[in-house]
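**Student:** Below is one structure. I have some questions about it.
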Amino acid sequence: AGFMISGLSGILTGILTGSESCCGILVATFIACCALVGLQRCFACRLRDCCCIKWCLRSVGSDSFDDFDLFIIVHEVLFTSTQPDLTTRVKLTAGEEVAMTDPSNHSGVHQPLLIRIEQGTSTLKIEVMDRRGKARFA
């Protein structure tokens with residue numbers, strides 16, 4: 001990162017010392033914006049997205065399983081509430097992956113859910129939500 005920044009500063013210095021400094025400032029601003037967008041994309045990348053990193057983590061025993069798909073059938077949702085006709089949904093969250101049932105007005109849901117469990121995921125969260133999927137009940 002230090003090499004990239006020093007290279008950019010050298011380029012910007014050369015552009016800004018010319019006689020057309022207004023054009024140089026515009027070009028320098030454009031280059032700086034491109035550099036910031038590039039850095040943002042680098043930070044958004046997760047190491048586990050690279051297949052060779054996944055293989056290394058499995059080989060050394062850091063991760064105990066590969067990616068897999070989990071198929072769950074939500075049959076019934078039971079919980080206590082003061083509202084008699086509450087529309088609910090069941091939400092499954094595993095790392096970045098989310099699966100949610102359709103809204104249901106009664107306790108019988110009878111809906112299959114398929115969620116991808118990525119390598120390195122340590123928890124599967126099951127929540128009962130409102131019909132919009134915003135408020136958590138259980």
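Following the order of the structure tokens, first chain is A, next is B, and so on, with residues numbered from 1 inside each chain and ligands from 1 in the order they appear.
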Find the residues near His106 (chain A): any atom within 9 Å, counting only C-alpha atoms, skip ones fewer than 5 places away on the same chain, and give them as an MDAnalysis selection string.

**Tutor:** chainID A and resid 76:77 85:88

**Student:** Neighbours of Glu96 (chain A) within 10 Å (only C-alpha atoms; same-chain residues fewer than 3 positions away dropped), as a VMD selection string?

**Tutor:** chain A and resid 93 116 to 118 121

**Student:** Using only C-alpha atoms, please write the residues we just selected to a file, as a short mmCIF file (atom, residue, chain, number, x, y, z; two decimals), in the first residue's frame.

**Tutor:**
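As written to disk, part-v9.cif reads:
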data_model
loop_
_atom_site.label_atom_id
_atom_site.label_comp_id
_atom_site.auth_asym_id
_atom_site.auth_seq_id
_atom_site.Cartn_x
_atom_site.Cartn_y
_atom_site.Cartn_z
CA THR A 93 -29.18 -16.89 8.99
CA ARG A 116 -26.02 -22.54 1.91
CA ILE A 117 -23.71 -23.11 4.87
CA GLU A 118 -20.32 -21.75 3.89
CA THR A 121 -19.66 -20.71 9.49
#

**Student:** CA of Ile53 (chain A) and CA of Gly95 (chain A) are how many Å apart?

**Tutor:**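 Rounded to one decimal, the two atoms are 17.4 Å apart.
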
**Student:** Pick the closest to Phe79 (chain A) from A:Ile115, A:Gly120, A:Leu26, A:Met129: which is it, counting only C-alpha atoms?

**Tutor:** A:Met129

**Student:** Work out how far CA of Gln111 (chain A) is from CA of Ala135 (chain A), in Å to one decimal.

**Tutor:** 20.5 Å

**Student:** Do you know which residues are at most 12 Å from Asp130 (chain A) counting only C-alpha atoms, after dropping those on the same chain fewer than 5 positions away, and could you put them as a PyMOL selection string?

**Tutor:** chain A and resi 83+85-91+100-105+135-138
